[in-house]
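Below you'll find the structure, written out as structure tokens, and then a few comments.
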Number of protein chains: 2
Amino acid sequence: MRDVSIIGVGQTPVGEHWETSLRHLAYDALRAALDDAGRPQVDGLFVGNMLGGELSRQEHLGALVADFAGLRGIEAVRVEAAGASGGAALRQGVLAVASGHMDVVLVVGVEKMTDVVGNERGAALLTGLDADYEGAQGVTPMALGALVMRRYLHEYGVEVGDLGGFSVNAHANGARNPDAMFRNLIKAERFASAPMMAEPVNLFDAAPDGDGAAAVVLAASERAADLVPKPVRVAASAIATDTLSLHDRSDLLALAAAELSAKRAYEQAVVGPDEIDLFELHDAFTVLAALSLEACGFAERGQGWKLANEASIGLTGKLPVSTFGGLKARGNPGGATGVYQAVEVVRQLRGEAGDNQVEGARRGMTQSLGGLAATAVTHIFEAVE
Amino acid sequence: MRDVSIIGVGQTPVGEHWETSLRHLAYDALRAALDDAGRPQVDGLFVGNMLGGELSRQEHLGALVADFAGLRGIEAVRVEAAGASGGAALRQGVLAVASGHMDVVLVVGVEKMTDVVGNERGAALLTGLDADYEGAQGVTPMALGALVMRRYLHEYGVEVGDLGGFSVNAHANGARNPDAMFRNLIKAERFASAPMMAEPVNLFDAAPDGDGAAAVVLAASERAADLVPKPVRVAASAIATDTLSLHDRSDLLALAAAELSAKRAYEQAVVGPDEIDLFELHDAFTVLAALSLEACGFAERGQGWKLANEASIGLTGKLPVSTFGGLKARGNPGGATGVYQAVEVVRQLRGEAGDNQVEGARRGMTQSLGGLAATAVTHIFEAVE
């Protein structure tokens, strides 16, 4: 199998892009990534998207984006794994280059979620859960997040505010990211008075749905150094799955897919959690941040919440997390999120993160979750010496 | 890159499976394929599906099917390219095994299209077209097929009945396939009196939407012969795309994606059209059968319709086509169709096609189209000596 590197990255700001269609968003991101890569010839396109069919009445984004981007004829498909669609598309791109069938591949994550009326988005998001056993009962992703958070608080004797540090950190980093959806700071002492979304999940615990697109260009590592000055190596790429329904899990507080995909990634990269310099995790809810840190070996079971402070996860902390704002402040454009994470880690490893730079970052990890972590996609990236 | 073979196949009948959910259909097909392959350990699952989100309110089929099939934890994603989703999923499976990241991969195409009310299916099918420029104007796949057919008739001086032989052949073969949706014979002389769908496309020109699932098991060729007595080699696997909108094409009668994907497939397999023993094509409309034959080099431009007779495409003809009934008689379960085609060719190459056997078949081709051939997926399979 061939080694794979990222040779270009691009993204749009995350926000409410009502005036911009899926194809335009995807184009803006991929054009930036191709420019960044020196405009190589591309062999294939993988589009990560979750809700195009439901919210834009548009499936078939592979052919659509390929044509609109001036890549007519190219091999192109869409990859979907709910909120992990972007990470899953990146994984397919890695497999395509590793196989030797393609030399240069474009991966785009794109989502439009805000230009809707009534409860259209809420109904669409249910399609990532178990339609027969969860969606049909009216449970929402927010409600599932609340179930898990309540259990976490109960099981480990944690208070609501104890998880707030994840959001405080995310907003501190997002405030310095011009592409972030929310650039305001939030204060820990304001946490308790935030409006309740689904008890005990409040406004500051939950990431905002947004519109946006991000893109990376992949190439065989043997060619990458000839193409760009700072290729970033894909040291690991792994997907794992869990039950779609929360009620089928024997342990509500173990993110089995997150743990398994991280295990596979560590094995591929031949590293352990101590050797990861920064971590872009799927902080759709603060409790997911805690559980992801536990699943990936950064904290013992029931101890993840103790990392919710600047000394642990700030830009100068032991393990910087959500360095450009994460889902919470940069925003959560569904199936695009996993690619945003990759773009952000690449910027860190190239030393191009500006005010958000993690000093000396050489190895970064991303983890994208779909459904209530029924799909987990974990990547490890390394700066090339 | 590693060579890839098919070591197991399975399918459900195509029909109206109102009582069976997506996960059950997928399970029935993949269990049959795994049994056929001797129940190997599986490393990954690729699910081809087009309309789960729209018609079953269920996205995220990778994790869902993996769990329901007893493969909890496995790497699993959904692949979508409108009606070519199944073929595209097969392509991703091939890349995964070729890469060396996975040894044994399961590919499932599954679709439920008939258990709907009103015009729900019609609206859903529009999502495979260009939503902004075609779908929003109310054009349907059937209407686009009619535009292309009318142009074909006009340009080449062909009569409606001249294309009917494709459907007569499909139904003749479907009548002997217990898994076919329609097992009735149709007669050429009845063609002119068939009810009109969208002039000049009549009931006999158009394939029926159906429910069903098909599955194949892939393995590295170096291991395949140890696992099963009759592995079938994937000699070529190629995807190409074209404009999603018909109005963007300079030539309405050239299926550019079909031609390009066939060209890539011939190059990979190092064969030409003369060396193909049978062809499962995407006969969603009779005119598409003619145009596919032209695009793939089996007929000159404007001459494809002349093959619509038993001597050319019957089971004992020069190039047997739709040997189990094709989309027209076996039925067209959207994103499952491309996998059905692969199952059918494998059965032919293993000499297990029963009453539908093409004598001496050693090499077969499949071509799956999405949208109005905006995505084309072409595979070539070879019996192993």
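Each chain of the structure tokens is named A, B, ... in the order shown, its residues numbered from 1; ligands are numbered from 1 in display order.
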>> Using only C-alpha atoms, I'd like every residue of chain A that has an atom within 6 Å of chain B; please write them out as a ChimeraX atom specification.
In response: /A:1,57-60,63-64,67,72-75,77-82,95-96,98-100,127-128,131,239-244
> Hey, what does DSSP flag as helix (DSSP H, G or I) within region 18-59 of chain A? Can you give it to me as a PyMOL selection string?
Replying inline: chain A and resi 22-36+52-55
According to DSSP computed on the backbone, where in region 161-311 of chain B is there strand (DSSP E)? Give the residues as a short mmCIF file (atom, residue, chain, number, x, y, z; two decimals) with C-alpha atoms, in the first residue's frame.
data_model
loop_
_atom_site.label_atom_id
_atom_site.label_comp_id
_atom_site.auth_asym_id
_atom_site.auth_seq_id
_atom_site.Cartn_x
_atom_site.Cartn_y
_atom_site.Cartn_z
CA MET B 196 -47.46 6.20 -23.22
CA MET B 197 -45.38 7.38 -20.22
CA ALA B 198 -43.72 10.50 -21.64
CA VAL B 201 -41.25 6.66 -24.05
CA ASN B 202 -43.95 4.06 -23.52
CA GLY B 212 -34.29 -5.18 -3.47
CA ALA B 213 -30.72 -5.78 -2.40
CA ALA B 214 -27.70 -7.51 -3.87
CA ALA B 215 -24.27 -8.16 -2.40
CA VAL B 216 -20.81 -9.34 -3.37
CA VAL B 217 -17.81 -10.31 -1.28
CA LEU B 218 -14.41 -9.12 -2.52
CA ALA B 219 -11.01 -10.50 -1.61
CA ALA B 220 -7.44 -10.08 -2.75
CA VAL B 232 -14.15 -14.26 -10.44
CA ARG B 233 -11.49 -11.68 -11.14
CA VAL B 234 -12.31 -7.95 -11.25
CA ALA B 235 -10.34 -7.16 -14.37
CA ALA B 236 -11.44 -3.52 -14.49
CA SER B 237 -13.28 -1.00 -12.32
CA ALA B 238 -13.84 2.54 -13.55
CA ILE B 239 -16.05 5.55 -12.90
CA ALA B 240 -16.48 8.63 -15.10
CA THR B 241 -18.81 11.62 -14.85
CA LEU B 278 -21.89 -10.61 -22.18
CA PHE B 279 -22.93 -7.13 -21.09
CA GLU B 280 -25.26 -6.09 -18.30
#
> To one decimal place, how far is CA of Ser250 (chain A) from CA of Phe298 (chain A) in Å?
Replying inline: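 Between CA of Ser250 (chain A) and CA of Phe298 (chain A) the gap works out to 22.5 Å.
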>> Could you tell me how far CA of Ala192 (chain A) sits from CA of Ser322 (chain A), in Å to one decimal place?
In response: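 Atom-to-atom, CA of Ser322 (chain A) to CA of Ala192 (chain A), that is 22.0 Å.
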> So which residues touch Glu19 (chain A) within 12 Å, counting only C-alpha atoms, skipping near sequence neighbours fewer than 2 positions away, as a PyMOL selection string?
Replying inline: chain A and resi 15-17+21-25+112+114-115+211-212
Those residues you just picked out, can you put them in a file as a PDB file, in the first residue's frame with N, CA, C and O atoms?
ATOM      1  N   GLY A  15     -20.897  29.468   8.435  1.00  0.00           N
ATOM      2  CA  GLY A  15     -21.881  30.474   8.811  1.00  0.00           C
ATOM      3  C   GLY A  15     -23.230  30.152   8.200  1.00  0.00           C
ATOM      4  O   GLY A  15     -23.531  28.987   7.959  1.00  0.00           O
ATOM      5  N   GLU A  16     -24.016  31.180   7.956  1.00  0.00           N
ATOM      6  CA  GLU A  16     -25.305  30.993   7.305  1.00  0.00           C
ATOM      7  C   GLU A  16     -25.168  31.494   5.873  1.00  0.00           C
ATOM      8  O   GLU A  16     -25.291  32.690   5.611  1.00  0.00           O
ATOM      9  N   HIS A  17     -24.897  30.586   4.966  1.00  0.00           N
ATOM     10  CA  HIS A  17     -24.651  30.965   3.563  1.00  0.00           C
ATOM     11  C   HIS A  17     -25.911  30.755   2.732  1.00  0.00           C
ATOM     12  O   HIS A  17     -25.941  29.921   1.830  1.00  0.00           O
ATOM     13  N   SER A  21     -25.111  28.118  -3.020  1.00  0.00           N
ATOM     14  CA  SER A  21     -25.594  26.740  -3.150  1.00  0.00           C
ATOM     15  C   SER A  21     -24.500  25.750  -2.765  1.00  0.00           C
ATOM     16  O   SER A  21     -23.332  26.106  -2.601  1.00  0.00           O
ATOM     17  N   LEU A  22     -24.893  24.497  -2.646  1.00  0.00           N
ATOM     18  CA  LEU A  22     -23.931  23.442  -2.317  1.00  0.00           C
ATOM     19  C   LEU A  22     -22.761  23.440  -3.283  1.00  0.00           C
ATOM     20  O   LEU A  22     -21.602  23.333  -2.892  1.00  0.00           O
ATOM     21  N   ARG A  23     -23.066  23.554  -4.578  1.00  0.00           N
ATOM     22  CA  ARG A  23     -21.980  23.453  -5.566  1.00  0.00           C
ATOM     23  C   ARG A  23     -21.022  24.623  -5.441  1.00  0.00           C
ATOM     24  O   ARG A  23     -19.818  24.463  -5.624  1.00  0.00           O
ATOM     25  N   HIS A  24     -21.558  25.820  -5.129  1.00  0.00           N
ATOM     26  CA  HIS A  24     -20.684  26.985  -4.984  1.00  0.00           C
ATOM     27  C   HIS A  24     -19.796  26.869  -3.752  1.00  0.00           C
ATOM     28  O   HIS A  24     -18.616  27.184  -3.796  1.00  0.00           O
ATOM     29  N   LEU A  25     -20.387  26.426  -2.650  1.00  0.00           N
ATOM     30  CA  LEU A  25     -19.593  26.244  -1.432  1.00  0.00           C
ATOM     31  C   LEU A  25     -18.467  25.240  -1.679  1.00  0.00           C
ATOM     32  O   LEU A  25     -17.302  25.484  -1.331  1.00  0.00           O
ATOM     33  N   LYS A 112     -25.071  22.354   3.715  1.00  0.00           N
ATOM     34  CA  LYS A 112     -25.932  23.527   3.892  1.00  0.00           C
ATOM     35  C   LYS A 112     -27.061  23.110   4.829  1.00  0.00           C
ATOM     36  O   LYS A 112     -27.851  22.237   4.497  1.00  0.00           O
ATOM     37  N   THR A 114     -28.676  25.654   7.224  1.00  0.00           N
ATOM     38  CA  THR A 114     -29.421  26.723   7.897  1.00  0.00           C
ATOM     39  C   THR A 114     -30.530  27.337   7.046  1.00  0.00           C
ATOM     40  O   THR A 114     -31.421  27.979   7.589  1.00  0.00           O
ATOM     41  N   ASP A 115     -30.479  27.143   5.731  1.00  0.00           N
ATOM     42  CA  ASP A 115     -31.452  27.800   4.854  1.00  0.00           C
ATOM     43  C   ASP A 115     -32.703  26.951   4.726  1.00  0.00           C
ATOM     44  O   ASP A 115     -33.043  26.445   3.665  1.00  0.00           O
ATOM     45  N   ASP A 211     -23.372  26.244   7.696  1.00  0.00           N
ATOM     46  CA  ASP A 211     -23.117  25.947   6.286  1.00  0.00           C
ATOM     47  C   ASP A 211     -21.624  26.151   6.026  1.00  0.00           C
ATOM     48  O   ASP A 211     -21.020  27.079   6.567  1.00  0.00           O
ATOM     49  N   GLY A 212     -21.072  25.335   5.148  1.00  0.00           N
ATOM     50  CA  GLY A 212     -19.669  25.540   4.804  1.00  0.00           C
ATOM     51  C   GLY A 212     -19.099  24.378   4.029  1.00  0.00           C
ATOM     52  O   GLY A 212     -19.768  23.354   3.832  1.00  0.00           O
TER      53      GLY A 212
END
> Hey, what's within 10 Å of Ala143 (chain A) if we count only C-alpha atoms and toss same-chain stuff fewer than 4 positions away? As a list in words, please?
Replying inline: Gly138, Val139, Leu147, Val148, Met149, Met197, Ala198, Glu199, Pro200 and Val201 of chain A
